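J.: Coordinates in query.cif, mmCIF, C-alpha atoms and all ligand atoms, are listed below.
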```cif
data_input
#
loop_
_atom_site.label_atom_id
_atom_site.label_comp_id
_atom_site.auth_asym_id
_atom_site.auth_seq_id
_atom_site.Cartn_x
_atom_site.Cartn_y
_atom_site.Cartn_z
CA ASP A 1 110.00 50.35 62.67
CA LYS A 2 113.01 51.02 60.43
CA ARG A 3 111.84 54.59 59.76
CA TRP A 4 112.63 55.52 63.38
CA SER A 5 115.94 53.73 63.85
CA LEU A 6 119.59 54.42 63.11
CA ASP A 7 120.65 50.86 63.88
CA GLY A 8 123.95 50.11 62.16
CA ALA A 9 124.43 53.69 60.94
CA THR A 10 127.87 55.33 61.15
CA ALA A 11 128.41 58.98 62.09
CA LEU A 12 131.12 61.59 62.44
CA VAL A 13 130.29 64.38 64.91
CA THR A 14 132.85 67.17 65.27
CA GLY A 15 133.30 68.69 68.73
CA GLY A 16 131.57 65.89 70.65
CA THR A 17 133.34 66.41 73.97
CA ARG A 18 131.17 69.25 75.25
CA GLY A 19 127.90 71.06 74.84
CA ILE A 20 125.61 70.44 71.90
CA GLY A 21 128.02 68.03 70.18
CA HIS A 22 128.15 65.86 73.31
CA ALA A 23 124.34 65.66 73.34
CA ILE A 24 124.30 64.79 69.63
CA VAL A 25 126.75 61.91 70.16
CA GLU A 26 124.64 60.49 73.00
CA GLU A 27 121.36 60.83 71.12
CA LEU A 28 122.77 59.24 67.95
CA ALA A 29 124.21 56.39 70.02
CA GLY A 30 120.84 55.89 71.72
CA PHE A 31 119.29 55.40 68.27
CA GLY A 32 121.82 52.67 67.46
CA ALA A 33 124.51 54.54 65.52
CA SER A 34 128.29 54.04 65.84
CA ILE A 35 130.04 57.37 66.22
CA TYR A 36 133.46 58.90 65.61
CA THR A 37 134.16 62.26 67.24
CA CYS A 38 137.00 64.75 67.57
CA SER A 39 138.12 67.82 69.49
CA ARG A 40 141.45 69.53 70.23
CA ASN A 41 141.88 67.90 73.65
CA GLN A 42 142.98 64.25 74.03
CA GLN A 43 142.10 64.06 77.74
CA ASP A 44 138.53 65.21 77.12
CA ILE A 45 138.16 62.66 74.33
CA ASP A 46 139.51 59.81 76.49
CA LYS A 47 137.23 60.76 79.39
CA CYS A 48 134.11 60.99 77.20
CA ILE A 49 134.83 57.74 75.37
CA GLU A 50 135.26 55.90 78.65
CA GLU A 51 131.95 57.29 79.98
CA TRP A 52 130.21 56.32 76.75
CA ARG A 53 131.70 52.82 76.87
CA ILE A 54 130.20 52.37 80.35
CA LYS A 55 126.81 53.51 79.01
CA GLY A 56 127.07 50.90 76.25
CA PHE A 57 127.57 53.38 73.39
CA THR A 58 129.91 52.65 70.47
CA VAL A 59 132.05 55.79 70.19
CA THR A 60 135.65 56.25 69.09
CA GLY A 61 137.56 59.43 68.42
CA SER A 62 140.83 61.28 68.03
CA VAL A 63 142.35 64.72 68.31
CA CYS A 64 141.84 67.02 65.34
CA ASP A 65 142.28 70.77 65.29
CA LEU A 66 139.77 71.59 62.58
CA LYS A 67 141.74 74.71 61.75
CA SER A 68 144.36 72.49 60.11
CA ARG A 69 143.66 71.20 56.61
CA SER A 70 146.06 68.26 57.00
CA GLN A 71 144.50 67.28 60.35
CA ARG A 72 141.05 67.32 58.70
CA GLU A 73 142.38 64.92 56.06
CA GLU A 74 143.87 62.66 58.74
CA LEU A 75 140.53 62.72 60.57
CA MET A 76 138.63 61.57 57.49
CA ASN A 77 141.19 58.81 56.86
CA SER A 78 140.62 57.56 60.41
CA VAL A 79 136.85 57.70 59.91
CA ALA A 80 137.16 55.79 56.63
CA SER A 81 139.17 53.02 58.25
CA ALA A 82 136.94 52.89 61.37
CA PHE A 83 133.80 52.52 59.24
CA ASP A 84 135.06 50.52 56.29
CA GLY A 85 134.81 53.43 53.84
CA LYS A 86 131.12 54.08 54.54
CA LEU A 87 129.67 57.02 56.46
CA ASN A 88 125.94 57.63 56.91
CA ILE A 89 126.02 60.84 58.93
CA LEU A 90 128.30 63.88 59.11
CA VAL A 91 127.42 66.45 61.79
CA ASN A 92 129.46 69.63 61.42
CA ASN A 93 129.05 70.91 64.97
CA ALA A 94 132.35 72.35 66.23
CA ALA A 95 132.73 76.13 66.12
CA ILE A 96 134.24 79.01 68.07
CA VAL A 97 132.98 82.49 68.95
CA VAL A 98 134.93 85.70 69.45
CA VAL A 99 132.77 88.57 70.69
CA LYS A 100 133.80 92.14 69.69
CA GLU A 101 132.61 95.26 67.96
CA THR A 102 133.30 95.13 64.22
CA THR A 103 135.85 97.94 64.49
CA GLU A 104 137.86 95.84 67.00
CA PHE A 105 138.14 92.49 65.19
CA THR A 106 141.66 91.45 64.11
CA ALA A 107 142.82 89.55 61.05
CA GLU A 108 143.45 86.59 63.34
CA ASP A 109 139.86 86.66 64.65
CA MET A 110 138.68 86.60 61.05
CA SER A 111 140.88 83.69 60.00
CA ASN A 112 140.15 81.65 63.16
CA MET A 113 136.38 81.96 62.97
CA MET A 114 136.10 81.57 59.22
CA SER A 115 138.46 78.60 59.06
CA ILE A 116 136.99 76.64 62.00
CA ASN A 117 133.32 77.57 61.56
CA PHE A 118 133.04 77.67 57.78
CA GLU A 119 136.06 76.39 55.87
CA ALA A 120 136.52 73.25 58.01
CA SER A 121 132.85 72.32 57.60
CA TYR A 122 133.07 72.89 53.85
CA HIS A 123 136.24 70.82 53.54
CA LEU A 124 134.86 67.98 55.69
CA CYS A 125 131.85 67.79 53.36
CA GLN A 126 134.16 67.59 50.35
CA ILE A 127 136.27 64.77 51.76
CA ALA A 128 133.32 62.93 53.36
CA GLN A 129 131.31 62.94 50.13
CA PRO A 130 132.79 59.67 48.74
CA LEU A 131 132.10 57.94 52.08
CA LEU A 132 128.57 59.33 52.35
CA LYS A 133 127.83 58.26 48.80
CA ALA A 134 129.32 54.78 49.35
CA SER A 135 127.02 54.23 52.35
CA GLY A 136 123.95 54.45 50.10
CA THR A 137 122.12 56.79 52.53
CA GLY A 138 124.08 59.90 53.45
CA ASN A 139 123.13 62.77 55.73
CA ILE A 140 124.92 66.00 56.48
CA VAL A 141 123.68 68.19 59.33
CA PHE A 142 125.27 71.56 59.95
CA ILE A 143 124.92 73.30 63.29
CA SER A 144 124.49 76.93 62.35
CA SER A 145 122.93 79.57 64.62
CA VAL A 146 120.09 82.06 64.87
CA ALA A 147 123.03 84.49 64.60
CA GLY A 148 123.23 83.42 60.95
CA VAL A 149 119.58 84.40 60.43
CA VAL A 150 119.11 87.67 62.37
CA ALA A 151 121.66 90.26 63.50
CA LEU A 152 122.99 90.03 67.06
CA PRO A 153 125.40 92.40 68.82
CA MET A 154 129.20 91.87 68.65
CA LEU A 155 128.98 88.81 66.41
CA SER A 156 129.51 90.12 62.88
CA ILE A 157 132.21 87.58 61.91
CA TYR A 158 130.58 84.63 63.68
CA SER A 159 127.22 85.53 62.10
CA SER A 160 128.80 85.71 58.66
CA SER A 161 130.40 82.29 59.13
CA LYS A 162 126.98 80.89 60.08
CA GLY A 163 125.23 82.69 57.21
CA ALA A 164 127.71 81.02 54.87
CA ILE A 165 126.83 77.63 56.38
CA ASN A 166 123.13 78.33 55.81
CA GLN A 167 123.74 78.95 52.11
CA LEU A 168 126.05 75.93 51.82
CA THR A 169 123.18 73.77 53.12
CA LYS A 170 121.11 74.71 50.09
CA SER A 171 123.94 74.30 47.56
CA LEU A 172 124.96 70.84 48.75
CA ALA A 173 121.37 69.62 49.15
CA CYS A 174 120.76 70.29 45.47
CA GLU A 175 124.15 69.09 44.24
CA TRP A 176 124.24 65.80 46.13
CA ALA A 177 120.59 64.69 46.10
CA LYS A 178 121.57 62.46 43.16
CA ASP A 179 123.98 60.61 45.47
CA ASN A 180 121.20 60.07 48.02
CA ILE A 181 122.83 62.53 50.42
CA ARG A 182 120.45 64.84 52.28
CA VAL A 183 121.82 68.09 53.70
CA ASN A 184 120.09 70.09 56.42
CA CYS A 185 120.97 72.73 58.97
CA VAL A 186 119.92 73.25 62.59
CA ALA A 187 120.12 76.83 63.87
CA PRO A 188 119.94 77.04 67.68
CA TRP A 189 119.21 80.07 69.82
CA VAL A 190 120.74 80.45 73.30
CA ILE A 191 121.88 77.12 74.78
CA LYS A 192 123.93 77.36 78.00
CA THR A 193 127.27 75.78 77.06
CA SER A 194 130.95 76.69 77.40
CA ILE A 195 130.80 78.67 74.13
CA LEU A 196 128.99 81.55 75.89
CA SER A 197 131.21 83.84 77.95
CA PRO A 198 129.55 85.09 81.18
CA GLY A 199 129.71 88.68 79.89
CA TYR A 200 127.90 87.86 76.66
CA MET A 201 125.34 85.73 78.51
CA GLU A 202 124.28 88.90 80.35
CA LYS A 203 123.54 90.57 77.00
CA LEU A 204 121.56 87.51 75.93
CA ASP A 205 119.44 87.45 79.11
CA GLY A 206 117.46 90.45 77.91
CA MET A 207 116.91 88.85 74.51
CA VAL A 208 115.86 85.55 76.07
CA SER A 209 113.22 87.40 78.09
CA ARG A 210 111.82 88.62 74.73
CA THR A 211 111.82 85.10 73.26
CA PRO A 212 108.24 83.72 73.10
CA ILE A 213 109.32 80.59 75.03
CA ARG A 214 110.99 82.64 77.74
CA ARG A 215 114.02 80.48 78.59
CA PRO A 216 117.25 79.29 76.97
CA GLY A 217 117.10 75.96 75.13
CA GLU A 218 118.57 72.66 76.27
CA GLN A 219 121.29 70.76 74.41
CA THR A 220 118.92 67.82 74.05
CA GLU A 221 116.34 70.08 72.37
CA VAL A 222 118.92 70.63 69.62
CA SER A 223 120.16 67.04 69.42
CA ALA A 224 116.58 65.75 69.06
CA LEU A 225 116.15 67.65 65.78
CA VAL A 226 119.57 66.58 64.49
CA ILE A 227 118.61 62.94 65.00
CA PHE A 228 115.19 63.41 63.40
CA LEU A 229 116.79 64.89 60.27
CA CYS A 230 119.07 61.84 59.96
CA LEU A 231 116.28 59.27 60.34
CA PRO A 232 114.76 57.47 57.36
CA ALA A 233 111.49 59.09 58.55
CA ALA A 234 112.89 62.44 57.30
CA SER A 235 113.70 61.05 53.84
CA TYR A 236 111.98 63.89 51.89
CA ILE A 237 113.55 66.73 53.91
CA THR A 238 116.65 68.34 52.41
CA GLY A 239 118.15 71.81 52.06
CA GLN A 240 116.35 73.18 55.13
CA ILE A 241 117.54 75.56 57.83
CA ILE A 242 115.46 74.92 60.94
CA CYS A 243 115.69 77.19 63.98
CA VAL A 244 115.47 75.63 67.45
CA ASP A 245 114.83 78.94 69.10
CA GLY A 246 111.67 79.11 71.20
CA GLY A 247 110.19 81.32 68.46
CA HIS A 248 112.86 84.03 68.75
CA SER A 249 113.57 84.45 65.03
CA VAL A 250 109.92 84.84 64.04
CA CYS A 251 108.83 87.20 66.80
CA GLY A 252 108.59 90.84 65.71
CA TYR A 253 107.58 92.20 69.12
P1 LIG B 301 131.12 74.38 73.07
O1 LIG B 301 132.19 75.41 73.07
O2 LIG B 301 130.47 74.01 74.37
O3 LIG B 301 131.67 73.03 72.39
C1 LIG B 301 132.38 73.11 71.19
C2 LIG B 301 132.99 71.76 70.85
O4 LIG B 301 133.76 71.90 69.64
C3 LIG B 301 133.97 71.27 71.91
O5 LIG B 301 133.95 69.85 71.92
C4 LIG B 301 135.30 71.79 71.38
O6 LIG B 301 136.39 71.05 71.92
C5 LIG B 301 135.12 71.59 69.88
N1 LIG B 301 135.98 72.44 69.06
C6 LIG B 301 136.06 73.81 69.09
N2 LIG B 301 136.98 74.24 68.22
C7 LIG B 301 137.52 73.14 67.63
C8 LIG B 301 138.53 72.93 66.67
N3 LIG B 301 139.22 73.95 66.15
N4 LIG B 301 138.83 71.68 66.29
C9 LIG B 301 138.16 70.63 66.84
N5 LIG B 301 137.19 70.75 67.75
C10 LIG B 301 136.88 72.00 68.16
O7 LIG B 301 130.04 74.91 72.02
P2 LIG B 301 128.47 74.57 71.79
O8 LIG B 301 128.18 73.18 72.13
O9 LIG B 301 127.68 75.65 72.40
O10 LIG B 301 128.40 74.79 70.22
C11 LIG B 301 128.17 73.76 69.28
C12 LIG B 301 127.64 74.38 68.00
O11 LIG B 301 126.41 75.04 68.27
C13 LIG B 301 128.56 75.44 67.39
O12 LIG B 301 128.53 75.33 65.98
C14 LIG B 301 127.92 76.75 67.82
O13 LIG B 301 128.23 77.80 66.94
C15 LIG B 301 126.46 76.36 67.76
N6 LIG B 301 125.56 77.22 68.51
C16 LIG B 301 125.63 77.31 69.87
C17 LIG B 301 124.76 78.13 70.56
C18 LIG B 301 124.78 78.27 72.04
O14 LIG B 301 124.09 79.15 72.58
N7 LIG B 301 125.53 77.46 72.77
C19 LIG B 301 123.74 78.92 69.85
C20 LIG B 301 123.76 78.75 68.44
C21 LIG B 301 124.64 77.93 67.80
P3 LIG B 301 137.86 71.74 72.13
O15 LIG B 301 137.66 73.17 72.50
O16 LIG B 301 138.50 70.91 73.19
O17 LIG B 301 138.55 71.58 70.79
#
```
What would the structure in this file look like if it were written as structure tokens?
Ligand code: NDP
T.:
Amino acid sequence: DKRWSLDGATALVTGGTRGIGHAIVEELAGFGASIYTCSRNQQDIDKCIEEWRIKGFTVTGSVCDLKSRSQREELMNSVASAFDGKLNILVNNAAIVVVKETTEFTAEDMSNMMSINFEASYHLCQIAQPLLKASGTGNIVFISSVAGVVALPMLSIYSSSKGAINQLTKSLACEWAKDNIRVNCVAPWVIKTSILSPGYMEKLDGMVSRTPIRRPGEQTEVSALVIFLCLPAASYITGQIICVDGGHSVCGY
């Protein structure tokens, strides 16, 4: 059934070497897509690509520090040549977190988080748009966060960067529907990955115990939704921010 397949689709997933991005690459590949990924570490990329090759997945990739505008442009040029100018799926996944009280954040914290988490995603959408349009069926999925929906301690800049992503989802969904590009956003709650420092995880433990489904989520519980949103089966879904959060964001007690 074509509605439940991504056979022949092409995808760019940022930050595919670890955590949620890694799970997204594997799940997309399992549904038949060819994937391009990036991170800041060549060794990690080489190691992942070799493991994926052994599993029979079609994945290529290169180093890109998403903080750099020129490296983002190089990345999209590589994607365009890898996929013959046509991209079906862009997953803006990579992000960083710095945890501090608002009174302690520096100008550098602000520029790092806003440029990697928000500006890079925005710019990748801009330069991917011609490729997404050329493919005939384009999909953008942002990985935002429950932190962009409700307030959490020590995350005011990160939360703002994610709140901006949530709004961007709506703007682009409406602007690019005419180009047959759907734009959606997945907002996870606690997933145990390298992004969470042990100290902050302790803070989150108490909040996880108040989450209706009383456990952290799994990376594959996030990747499953990302894939669903990209499938032809989801063809009428656009502009949505969907929390994968065990009910955390809707629970008032
Ligand atoms: P990880 O830190 O485990 O993985 C992040 C990935 O992004 C790595 O591959 C990393 O590689 C890459 N990356 C980070 N910065 C850059 C950069 N400047 N340029 C290129 N690549 C970069 O994080 P998660 O998997 O946990 O997070 C994935 C997404 O999920 C993020 O958007 C995060 O905000 C979101 N999220 C995560 C939650 C969680 O609890 N884990 C909860 C809610 C949202 P490298 O460092 O080598 O560059």
J.: When distances are computed from only C-alpha atoms and all ligand atoms, which of A:Val63, A:Ile242, A:Leu87, A:Val141 shows the smallest separation from ligand LIG 301 (chain B)?
T.: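 Nearest to ligand LIG 301 (chain B): A:Val63.
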J.: For the atom pair CA of Ala234 (chain A) and atom N2 of ligand LIG 301 (chain B), what is the interatomic distance in Å to one decimal place?
T.: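 Atom N2 of ligand LIG 301 (chain B) lies 29.0 Å from CA of Ala234 (chain A).
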J.: Hey, which bits of chain A sit within 8 Å of ligand LIG 301 (chain B), and for each residue what's the closest pair of atoms and how far apart in Å (one decimal), counting all atoms listed in the file, rows by chain and increasing number, as JSON lines?
T.:
```
{"residue": "A:Thr14", "atom": "CA", "partner": "B:LIG301", "partner_atom": "N5", "distance": 6.1}
{"residue": "A:Gly15", "atom": "CA", "partner": "B:LIG301", "partner_atom": "O4", "distance": 3.4}
{"residue": "A:Gly16", "atom": "CA", "partner": "B:LIG301", "partner_atom": "O5", "distance": 4.8}
{"residue": "A:Thr17", "atom": "CA", "partner": "B:LIG301", "partner_atom": "O5", "distance": 4.1}
{"residue": "A:Arg18", "atom": "CA", "partner": "B:LIG301", "partner_atom": "O5", "distance": 4.4}
{"residue": "A:Gly19", "atom": "CA", "partner": "B:LIG301", "partner_atom": "O8", "distance": 3.5}
{"residue": "A:Ile20", "atom": "CA", "partner": "B:LIG301", "partner_atom": "O8", "distance": 3.8}
{"residue": "A:Gly21", "atom": "CA", "partner": "B:LIG301", "partner_atom": "O8", "distance": 5.5}
{"residue": "A:His22", "atom": "CA", "partner": "B:LIG301", "partner_atom": "O5", "distance": 7.2}
{"residue": "A:Cys38", "atom": "CA", "partner": "B:LIG301", "partner_atom": "N5", "distance": 6.0}
{"residue": "A:Ser39", "atom": "CA", "partner": "B:LIG301", "partner_atom": "N5", "distance": 3.5}
{"residue": "A:Arg40", "atom": "CA", "partner": "B:LIG301", "partner_atom": "O17", "distance": 3.6}
{"residue": "A:Asn41", "atom": "CA", "partner": "B:LIG301", "partner_atom": "O16", "distance": 4.5}
{"residue": "A:Asp44", "atom": "CA", "partner": "B:LIG301", "partner_atom": "O16", "distance": 6.9}
{"residue": "A:Val63", "atom": "CA", "partner": "B:LIG301", "partner_atom": "C9", "distance": 7.4}
{"residue": "A:Cys64", "atom": "CA", "partner": "B:LIG301", "partner_atom": "C9", "distance": 5.4}
{"residue": "A:Asp65", "atom": "CA", "partner": "B:LIG301", "partner_atom": "N4", "distance": 3.7}
{"residue": "A:Leu66", "atom": "CA", "partner": "B:LIG301", "partner_atom": "N4", "distance": 3.8}
{"residue": "A:Lys67", "atom": "CA", "partner": "B:LIG301", "partner_atom": "N3", "distance": 5.1}
{"residue": "A:Asn92", "atom": "CA", "partner": "B:LIG301", "partner_atom": "O12", "distance": 7.4}
{"residue": "A:Asn93", "atom": "CA", "partner": "B:LIG301", "partner_atom": "O12", "distance": 4.6}
{"residue": "A:Ala94", "atom": "CA", "partner": "B:LIG301", "partner_atom": "O4", "distance": 3.7}
{"residue": "A:Ala95", "atom": "CA", "partner": "B:LIG301", "partner_atom": "O12", "distance": 4.3}
{"residue": "A:Ile96", "atom": "CA", "partner": "B:LIG301", "partner_atom": "N2", "distance": 5.5}
{"residue": "A:Val97", "atom": "CA", "partner": "B:LIG301", "partner_atom": "O13", "distance": 7.0}
{"residue": "A:Ile116", "atom": "CA", "partner": "B:LIG301", "partner_atom": "N3", "distance": 5.4}
{"residue": "A:Asn117", "atom": "CA", "partner": "B:LIG301", "partner_atom": "O12", "distance": 6.9}
{"residue": "A:Phe142", "atom": "CA", "partner": "B:LIG301", "partner_atom": "O12", "distance": 7.8}
{"residue": "A:Ile143", "atom": "CA", "partner": "B:LIG301", "partner_atom": "O12", "distance": 4.9}
{"residue": "A:Ser144", "atom": "CA", "partner": "B:LIG301", "partner_atom": "C21", "distance": 5.5}
{"residue": "A:Ser145", "atom": "CA", "partner": "B:LIG301", "partner_atom": "C21", "distance": 4.0}
{"residue": "A:Val146", "atom": "CA", "partner": "B:LIG301", "partner_atom": "C20", "distance": 6.1}
{"residue": "A:Ala147", "atom": "CA", "partner": "B:LIG301", "partner_atom": "C20", "distance": 6.9}
{"residue": "A:Tyr158", "atom": "CA", "partner": "B:LIG301", "partner_atom": "O13", "distance": 7.9}
{"residue": "A:Lys162", "atom": "CA", "partner": "B:LIG301", "partner_atom": "O13", "distance": 7.6}
{"residue": "A:Ala187", "atom": "CA", "partner": "B:LIG301", "partner_atom": "C21", "distance": 6.1}
{"residue": "A:Pro188", "atom": "CA", "partner": "B:LIG301", "partner_atom": "C20", "distance": 4.3}
{"residue": "A:Trp189", "atom": "CA", "partner": "B:LIG301", "partner_atom": "C19", "distance": 4.7}
{"residue": "A:Val190", "atom": "CA", "partner": "B:LIG301", "partner_atom": "O14", "distance": 3.7}
{"residue": "A:Ile191", "atom": "CA", "partner": "B:LIG301", "partner_atom": "O14", "distance": 3.7}
{"residue": "A:Lys192", "atom": "CA", "partner": "B:LIG301", "partner_atom": "N7", "distance": 5.5}
{"residue": "A:Thr193", "atom": "CA", "partner": "B:LIG301", "partner_atom": "O2", "distance": 4.5}
{"residue": "A:Ser194", "atom": "CA", "partner": "B:LIG301", "partner_atom": "O2", "distance": 4.1}
{"residue": "A:Ile195", "atom": "CA", "partner": "B:LIG301", "partner_atom": "O1", "distance": 3.7}
{"residue": "A:Leu196", "atom": "CA", "partner": "B:LIG301", "partner_atom": "N7", "distance": 6.2}
{"residue": "A:Gln219", "atom": "CA", "partner": "B:LIG301", "partner_atom": "O8", "distance": 7.7}
```
J.: For C-alpha atoms, I'd like the residues from the last selection saved as a tab-separated table (two decimals), in the coordinates of the input.
T.:
```tsv
chain	number	residue	atom	x	y	z
A	14	THR	CA	132.85	67.17	65.27
A	15	GLY	CA	133.30	68.69	68.73
A	16	GLY	CA	131.57	65.89	70.65
A	17	THR	CA	133.34	66.41	73.97
A	18	ARG	CA	131.17	69.25	75.25
A	19	GLY	CA	127.90	71.06	74.84
A	20	ILE	CA	125.61	70.44	71.90
A	21	GLY	CA	128.02	68.03	70.18
A	22	HIS	CA	128.15	65.86	73.31
A	38	CYS	CA	137.00	64.75	67.57
A	39	SER	CA	138.12	67.82	69.49
A	40	ARG	CA	141.45	69.53	70.23
A	41	ASN	CA	141.88	67.90	73.65
A	44	ASP	CA	138.53	65.21	77.12
A	63	VAL	CA	142.35	64.72	68.31
A	64	CYS	CA	141.84	67.02	65.34
A	65	ASP	CA	142.28	70.77	65.29
A	66	LEU	CA	139.77	71.59	62.58
A	67	LYS	CA	141.74	74.71	61.75
A	92	ASN	CA	129.46	69.63	61.42
A	93	ASN	CA	129.05	70.91	64.97
A	94	ALA	CA	132.35	72.35	66.23
A	95	ALA	CA	132.73	76.13	66.12
A	96	ILE	CA	134.24	79.01	68.07
A	97	VAL	CA	132.98	82.49	68.95
A	116	ILE	CA	136.99	76.64	62.00
A	117	ASN	CA	133.32	77.57	61.56
A	142	PHE	CA	125.27	71.56	59.95
A	143	ILE	CA	124.92	73.30	63.29
A	144	SER	CA	124.49	76.93	62.35
A	145	SER	CA	122.93	79.57	64.62
A	146	VAL	CA	120.09	82.06	64.87
A	147	ALA	CA	123.03	84.49	64.60
A	158	TYR	CA	130.58	84.63	63.68
A	162	LYS	CA	126.98	80.89	60.08
A	187	ALA	CA	120.12	76.83	63.87
A	188	PRO	CA	119.94	77.04	67.68
A	189	TRP	CA	119.21	80.07	69.82
A	190	VAL	CA	120.74	80.45	73.30
A	191	ILE	CA	121.88	77.12	74.78
A	192	LYS	CA	123.93	77.36	78.00
A	193	THR	CA	127.27	75.78	77.06
A	194	SER	CA	130.95	76.69	77.40
A	195	ILE	CA	130.80	78.67	74.13
A	196	LEU	CA	128.99	81.55	75.89
A	219	GLN	CA	121.29	70.76	74.41
```
J.: Using Å and a single decimal, report how far CA of Ser121 (chain A) sits from CA of Ser62 (chain A).
T.: 17.2 Å
J.: May I ask which of the residues A:Gly56, A:Gly199, A:Gly30, A:Gly252 is the closest one to Val150 (chain A), counting all atoms listed in the file?
T.: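 Of all the options, A:Gly252 lies closest to Val150 (chain A).
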J.: Please determine, counting all atoms listed in the file, which residue among A:Asn88, A:Thr211, A:Asn112, A:Ser161 has the shortest atom-to-atom distance to Asp245 (chain A).
T.: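 Among the listed residues, A:Thr211 lies closest to Asp245 (chain A).
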J.: Which value, in Å to one decimal, gives the distance between CA of Thr169 (chain A) and CA of Asn184 (chain A)?
T.: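 Going from CA of Thr169 (chain A) over to CA of Asn184 (chain A), I get 5.8 Å.
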J.: For Ala9 (chain A), work out the shell of residues within 10 Å, counting only C-alpha atoms and skipping chain neighbours fewer than 6 positions away, then give it as a list in words.
T.: Leu28, Ala29, Phe31, Gly32, Ala33, Ser34, Ile35, Phe83, Lys86, Leu87, Asn88, Ile89, Ser135, Thr137, Gly138, Cys230 and Leu231 of chain A
J.: For C-alpha atoms, I'd like the residues from the last selection saved as a PDB file, in the frame of the given file.
T.:
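Contents of result-v6.pdb, as written:
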```pdb
ATOM      1  CA  LEU A  28     122.770  59.240  67.950  1.00  0.00           C
ATOM      2  CA  ALA A  29     124.210  56.390  70.020  1.00  0.00           C
ATOM      3  CA  PHE A  31     119.290  55.400  68.270  1.00  0.00           C
ATOM      4  CA  GLY A  32     121.820  52.670  67.460  1.00  0.00           C
ATOM      5  CA  ALA A  33     124.510  54.540  65.520  1.00  0.00           C
ATOM      6  CA  SER A  34     128.290  54.040  65.840  1.00  0.00           C
ATOM      7  CA  ILE A  35     130.040  57.370  66.220  1.00  0.00           C
ATOM      8  CA  PHE A  83     133.800  52.520  59.240  1.00  0.00           C
ATOM      9  CA  LYS A  86     131.120  54.080  54.540  1.00  0.00           C
ATOM     10  CA  LEU A  87     129.670  57.020  56.460  1.00  0.00           C
ATOM     11  CA  ASN A  88     125.940  57.630  56.910  1.00  0.00           C
ATOM     12  CA  ILE A  89     126.020  60.840  58.930  1.00  0.00           C
ATOM     13  CA  SER A 135     127.020  54.230  52.350  1.00  0.00           C
ATOM     14  CA  THR A 137     122.120  56.790  52.530  1.00  0.00           C
ATOM     15  CA  GLY A 138     124.080  59.900  53.450  1.00  0.00           C
ATOM     16  CA  CYS A 230     119.070  61.840  59.960  1.00  0.00           C
ATOM     17  CA  LEU A 231     116.280  59.270  60.340  1.00  0.00           C
TER      18      LEU A 231
END
```
J.: Measuring between all atoms listed in the file, which one of A:Asn139, A:Met201, A:Pro212, A:Ala164 shows the shortest distance to His248 (chain A)?
T.: A:Pro212
J.: List the spatial neighbours of Val149 (chain A) as a list of chain:residue names - criterion: any atom at most 8 Å away, all atoms listed in the file, same-chain residues fewer than 4 positions off excluded.
T.: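 That gives A:Ser145, A:Ser159, A:Gly163, A:Ser249.
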J.: With distances taken over all atoms listed in the file, which of A:Thr220, A:Gln42, A:Thr238, A:Asn180 is nearest to Pro130 (chain A)?
T.: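 Closest residue, counting all atoms listed in the file: A:Asn180.
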J.: Between A:Gln126, A:Thr37, A:Ser171, A:Ser223, which one has atoms that come closest to Gly61 (chain A), using only C-alpha atoms?
T.: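 For Gly61 (chain A), the nearest of the given residues is A:Thr37.
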J.: Compute the distance from (132.1, 93.2, 65.6) to each atom, counting all atoms listed in the file, keep the residues with any atom at most 9 Å away, and return them as a list of chain:residue names; use the coordinates of the file.
T.: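 The residues that fall inside the cut-off are A:Val98, A:Val99, A:Lys100, A:Glu101, A:Thr102, A:Thr103, A:Glu104, A:Phe105, A:Pro153, A:Met154, A:Leu155, A:Ser156, A:Ile157, A:Tyr158.
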